[in-house]
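The structure appears below as structure tokens.
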Protein chains: 2
Amino acid sequence: METLRERKKQRTRDALLRAAVELFTTRGYERTTVDEIADAVDVSQRTFFRYYAGKEEAALALQEMAVARFVEAVRERPAAEAPMEALRQAVLEGWDTLGEVIEAVVPIELYLRMYRVIESTPVLLAAHLRRNEEIEDALARVLAAREGVDVDADPRPRLAVAVFGGVMRVTERRWGTDGDFSLDAMRDMTIAHLEQVGPALTKNWRSQ
Amino acid sequence: METLRERKKQRTRDALLRAAVELFTTRGYERTTVDEIADAVDVSQRTFFRYYAGKEEAALALQEMAVARFVEAVRERPAAEAPMEALRQAVLEGWDTLGEVIEAVVPIELYLRMYRVIESTPVLLAAHLRRNEEIEDALARVLAAREGVDVDADPRPRLAVAVFGGVMRVTERRWGTDGDFSLDAMRDMTIAHLEQVGPALTKNWRSQ
DNA sequence: GAGGCTAATGACAGCGTCTGACAATTGACA
DNA sequence: TGTCAATTGTCAGACGCTGTCATTAGCCTC
């Protein structure tokens, strides 16, 4: 079992995250200060920075949990699967099991609201996109290993992952701005968009 | 002809940009302060912020010039061209005429060095990626108009642009880290990567 | 070409993020 | 229980950025 010290740390860590997300989703990211977050948990500002490298990191922490799950899912996909299909299956798995990961810390509802905050806050969106690139890099390595090619010499792993990432970004954005803001809607949109990539690149858009 | 006031403003604007890029590429982005930039041009810190919204904007200003050119090139492509081909031609045009745009303010050499600074500085890379998304949005509208489809209802314009953007990002990254850091190398790599997108998505990587 | 008008600048004060340093507190473990 | 190490609070300060107001400098009219 864990030591008392570790449990205490985990508790303040979670409390800080909860307080931060709560404030971000109500008052907005820019208009909540680190002092307010620290005060809400009754710790010093300095302590906040010991748990999170900055406001940004706290704002993206939930996303990070979901993403870690997704990358793990890709790693565990059967080696026989084609690269794009492995990514597709893993991301769908991710959406289906999102609840388990998030609910351990905050209600899923808060996660969804936080999503929109990220999308509508320039500095957060920027940080989110940069993080996406790091993930794409990791995924390219996984795919390259699966297929037995050199990720630094052969551009195909990175290209495939970049295309997939691009499609997912389009999906994310439409999800955040369109009407149906549910996990099911996200699932359906993911499938639909992945099916239309091919046609969008090659076919004539007007003949429809 | 321009008034004296306008010429003076343009001169300080350029001087600030030159000083900023000069310092960023030698001392590094994080380790140069706004005060240092302002001092180098002999203006107050407050004046710097009147010309550039922040350090970030000054760091990305050169990129911004090149990108504006590229978007304009896409707009002027013949309407008969297929979407992806229009993007391809425009970006190649962009690389070929880069010198004209940049040399008006700083030597092209500085632009190339600044490129690597952006790529290796987390906050700058993040801002760069977010800006890319804004550009992709604009491009999607252009393509949609060309093809006569609704950009909000039909996902294909955004998907096509996202794929193109993803490929360009992979190219940028390899360009910055690989050996040959010249505009010609960038040109060749762009062509090669665009040719390999299709195969990377559909074909079996091992049968080669 | 003198004077009034307006735009540009400088100087100053202040807020918020983030870091380093040191002292005080609190849990771990013999 | 007493020692050691980890965690926290406090303080000082750097840096980015903004609002405010007085000062300067170009512009335009009479």
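Chain identifiers are assigned as A, B, and so on, following the order in which chains appear in the structure tokens; residues are numbered from 1 within each chain, and ligands are numbered from 1 in order of appearance.
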field: chain C contacts to chain A at 12 Å (only C-alpha atoms (C1' of nucleotides)) as a VMD selection string
entry: chain C and resid 15 to 20 26 to 28
At a cut-off of 12 Å, can you tabulate as CSV every residue of chain D near chain A together with its closest atom pair and the distance in Å to one decimal, using only C-alpha atoms (C1' of nucleotides) and ordering rows by chain then number?
residue,atom,partner,partner_atom,distance
D:DA6,C1',A:Arg5,CA,8.9
D:DT7,C1',A:Arg5,CA,8.9
D:DT8,C1',A:Thr47,CA,6.9
D:DG9,C1',A:Ser44,CA,6.6
D:DT10,C1',A:Ser44,CA,9.2
D:DC11,C1',A:Arg46,CA,11.1
Closest atom pairs, chain A residues within 6 Å of chain B, only C-alpha atoms, as JSON lines:
{"residue": "A:Ala126", "atom": "CA", "partner": "B:Ala126", "partner_atom": "CA", "distance": 4.6}
{"residue": "A:Ala127", "atom": "CA", "partner": "B:Ala126", "partner_atom": "CA", "distance": 5.4}
{"residue": "A:Arg130", "atom": "CA", "partner": "B:Ala126", "partner_atom": "CA", "distance": 5.0}
{"residue": "A:Arg156", "atom": "CA", "partner": "B:Ala200", "partner_atom": "CA", "distance": 5.0}
{"residue": "A:Ala160", "atom": "CA", "partner": "B:Ala200", "partner_atom": "CA", "distance": 5.7}
{"residue": "A:Ala162", "atom": "CA", "partner": "B:Gly166", "partner_atom": "CA", "distance": 4.9}
{"residue": "A:Val163", "atom": "CA", "partner": "B:Val163", "partner_atom": "CA", "distance": 5.0}
{"residue": "A:Gly166", "atom": "CA", "partner": "B:Ala162", "partner_atom": "CA", "distance": 4.9}
{"residue": "A:Ala200", "atom": "CA", "partner": "B:Arg156", "partner_atom": "CA", "distance": 5.1}
{"residue": "A:Leu201", "atom": "CA", "partner": "B:Ala160", "partner_atom": "CA", "distance": 5.8}
- request: Mind checking which residues fall within 10 Å of segment 13-22 of chain B, counting only C-alpha atoms (C1' of nucleotides), ignoring those fewer than 4 positions away in the same chain, and posting them as an MDAnalysis selection string?
  value: chainID B and resid 7:9 26:29 32:34 36:43 47:48 50:52 55 57:62 104:107 110:111 113:114 117
- request: Output as a PyMOL selection string all residues of segment 19-193 of chain A that backbone DSSP marks as alpha helix (DSSP H).
  value: chain A and resi 19-27+34-41+45-51+55-75+83-96+98-102+108-120+122-147+156-177+183-193
Quick one: residues within 10 Å of DT23 of chain D, only C-alpha atoms (C1' of nucleotides), excluding same-chain residues fewer than 5 positions away - as a PDB file with all heavy atoms, in the first residue's frame?
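Below is the file that was written, selection_0.pdb:
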ATOM      1  P    DT C   9       6.774  55.845 -32.780  1.00  0.00           P
ATOM      2  OP1  DT C   9       7.992  55.616 -33.572  1.00  0.00           O
ATOM      3  OP2  DT C   9       5.807  54.747 -32.578  1.00  0.00           O
ATOM      4  O5'  DT C   9       7.212  56.396 -31.361  1.00  0.00           O
ATOM      5  C5'  DT C   9       8.068  57.528 -31.307  1.00  0.00           C
ATOM      6  C4'  DT C   9       8.217  57.987 -29.882  1.00  0.00           C
ATOM      7  O4'  DT C   9       6.939  58.399 -29.371  1.00  0.00           O
ATOM      8  C3'  DT C   9       8.697  56.902 -28.910  1.00  0.00           C
ATOM      9  O3'  DT C   9      10.049  57.179 -28.568  1.00  0.00           O
ATOM     10  C2'  DT C   9       7.752  57.003 -27.704  1.00  0.00           C
ATOM     11  C1'  DT C   9       6.976  58.273 -27.975  1.00  0.00           C
ATOM     12  N1   DT C   9       5.564  58.261 -27.492  1.00  0.00           N
ATOM     13  C2   DT C   9       5.217  59.082 -26.438  1.00  0.00           C
ATOM     14  O2   DT C   9       6.004  59.813 -25.869  1.00  0.00           O
ATOM     15  N3   DT C   9       3.892  59.008 -26.078  1.00  0.00           N
ATOM     16  C4   DT C   9       2.911  58.212 -26.660  1.00  0.00           C
ATOM     17  O4   DT C   9       1.759  58.226 -26.251  1.00  0.00           O
ATOM     18  C5   DT C   9       3.340  57.390 -27.745  1.00  0.00           C
ATOM     19  C7   DT C   9       2.362  56.499 -28.443  1.00  0.00           C
ATOM     20  C6   DT C   9       4.638  57.441 -28.119  1.00  0.00           C
ATOM     21  P    DG C  10      10.842  56.193 -27.611  1.00  0.00           P
ATOM     22  OP1  DG C  10      12.270  56.325 -27.944  1.00  0.00           O
ATOM     23  OP2  DG C  10      10.186  54.878 -27.646  1.00  0.00           O
ATOM     24  O5'  DG C  10      10.590  56.874 -26.196  1.00  0.00           O
ATOM     25  C5'  DG C  10      10.760  58.273 -26.061  1.00  0.00           C
ATOM     26  C4'  DG C  10      10.569  58.691 -24.618  1.00  0.00           C
ATOM     27  O4'  DG C  10       9.150  58.783 -24.333  1.00  0.00           O
ATOM     28  C3'  DG C  10      11.149  57.732 -23.591  1.00  0.00           C
ATOM     29  O3'  DG C  10      11.742  58.499 -22.531  1.00  0.00           O
ATOM     30  C2'  DG C  10       9.938  56.936 -23.107  1.00  0.00           C
ATOM     31  C1'  DG C  10       8.810  57.961 -23.233  1.00  0.00           C
ATOM     32  N9   DG C  10       7.502  57.399 -23.514  1.00  0.00           N
ATOM     33  C8   DG C  10       7.193  56.435 -24.435  1.00  0.00           C
ATOM     34  N7   DG C  10       5.917  56.156 -24.481  1.00  0.00           N
ATOM     35  C5   DG C  10       5.347  56.974 -23.531  1.00  0.00           C
ATOM     36  C6   DG C  10       3.991  57.099 -23.123  1.00  0.00           C
ATOM     37  O6   DG C  10       3.005  56.515 -23.540  1.00  0.00           O
ATOM     38  N1   DG C  10       3.848  58.066 -22.111  1.00  0.00           N
ATOM     39  C2   DG C  10       4.876  58.791 -21.573  1.00  0.00           C
ATOM     40  N2   DG C  10       4.553  59.648 -20.617  1.00  0.00           N
ATOM     41  N3   DG C  10       6.149  58.673 -21.947  1.00  0.00           N
ATOM     42  C4   DG C  10       6.306  57.749 -22.923  1.00  0.00           C
ATOM     43  P    DA C  11      12.542  57.762 -21.354  1.00  0.00           P
ATOM     44  OP1  DA C  11      13.786  58.549 -21.174  1.00  0.00           O
ATOM     45  OP2  DA C  11      12.603  56.316 -21.621  1.00  0.00           O
ATOM     46  O5'  DA C  11      11.609  57.994 -20.067  1.00  0.00           O
ATOM     47  C5'  DA C  11      10.796  59.150 -19.969  1.00  0.00           C
ATOM     48  C4'  DA C  11       9.935  59.047 -18.716  1.00  0.00           C
ATOM     49  O4'  DA C  11       8.609  58.561 -19.077  1.00  0.00           O
ATOM     50  C3'  DA C  11      10.470  58.073 -17.662  1.00  0.00           C
ATOM     51  O3'  DA C  11      10.257  58.618 -16.367  1.00  0.00           O
ATOM     52  C2'  DA C  11       9.665  56.810 -17.904  1.00  0.00           C
ATOM     53  C1'  DA C  11       8.319  57.377 -18.355  1.00  0.00           C
ATOM     54  N9   DA C  11       7.571  56.502 -19.239  1.00  0.00           N
ATOM     55  C8   DA C  11       8.074  55.681 -20.213  1.00  0.00           C
ATOM     56  N7   DA C  11       7.155  54.997 -20.875  1.00  0.00           N
ATOM     57  C5   DA C  11       5.964  55.405 -20.279  1.00  0.00           C
ATOM     58  C6   DA C  11       4.620  55.053 -20.516  1.00  0.00           C
ATOM     59  N6   DA C  11       4.234  54.182 -21.446  1.00  0.00           N
ATOM     60  N1   DA C  11       3.678  55.639 -19.751  1.00  0.00           N
ATOM     61  C2   DA C  11       4.063  56.519 -18.810  1.00  0.00           C
ATOM     62  N3   DA C  11       5.293  56.927 -18.505  1.00  0.00           N
ATOM     63  C4   DA C  11       6.207  56.326 -19.279  1.00  0.00           C
TER      64       DA C  11
END
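Of note, atom CA of Arg11 of chain B and atom CA of Ala73 of chain B are spaced 27.7 Å apart.
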- prompt: Between atom C1' of DA8 of chain C and atom C1' of DT29 of chain D, what is the distance, to one decimal in Å?
  reply: 21.3 Å
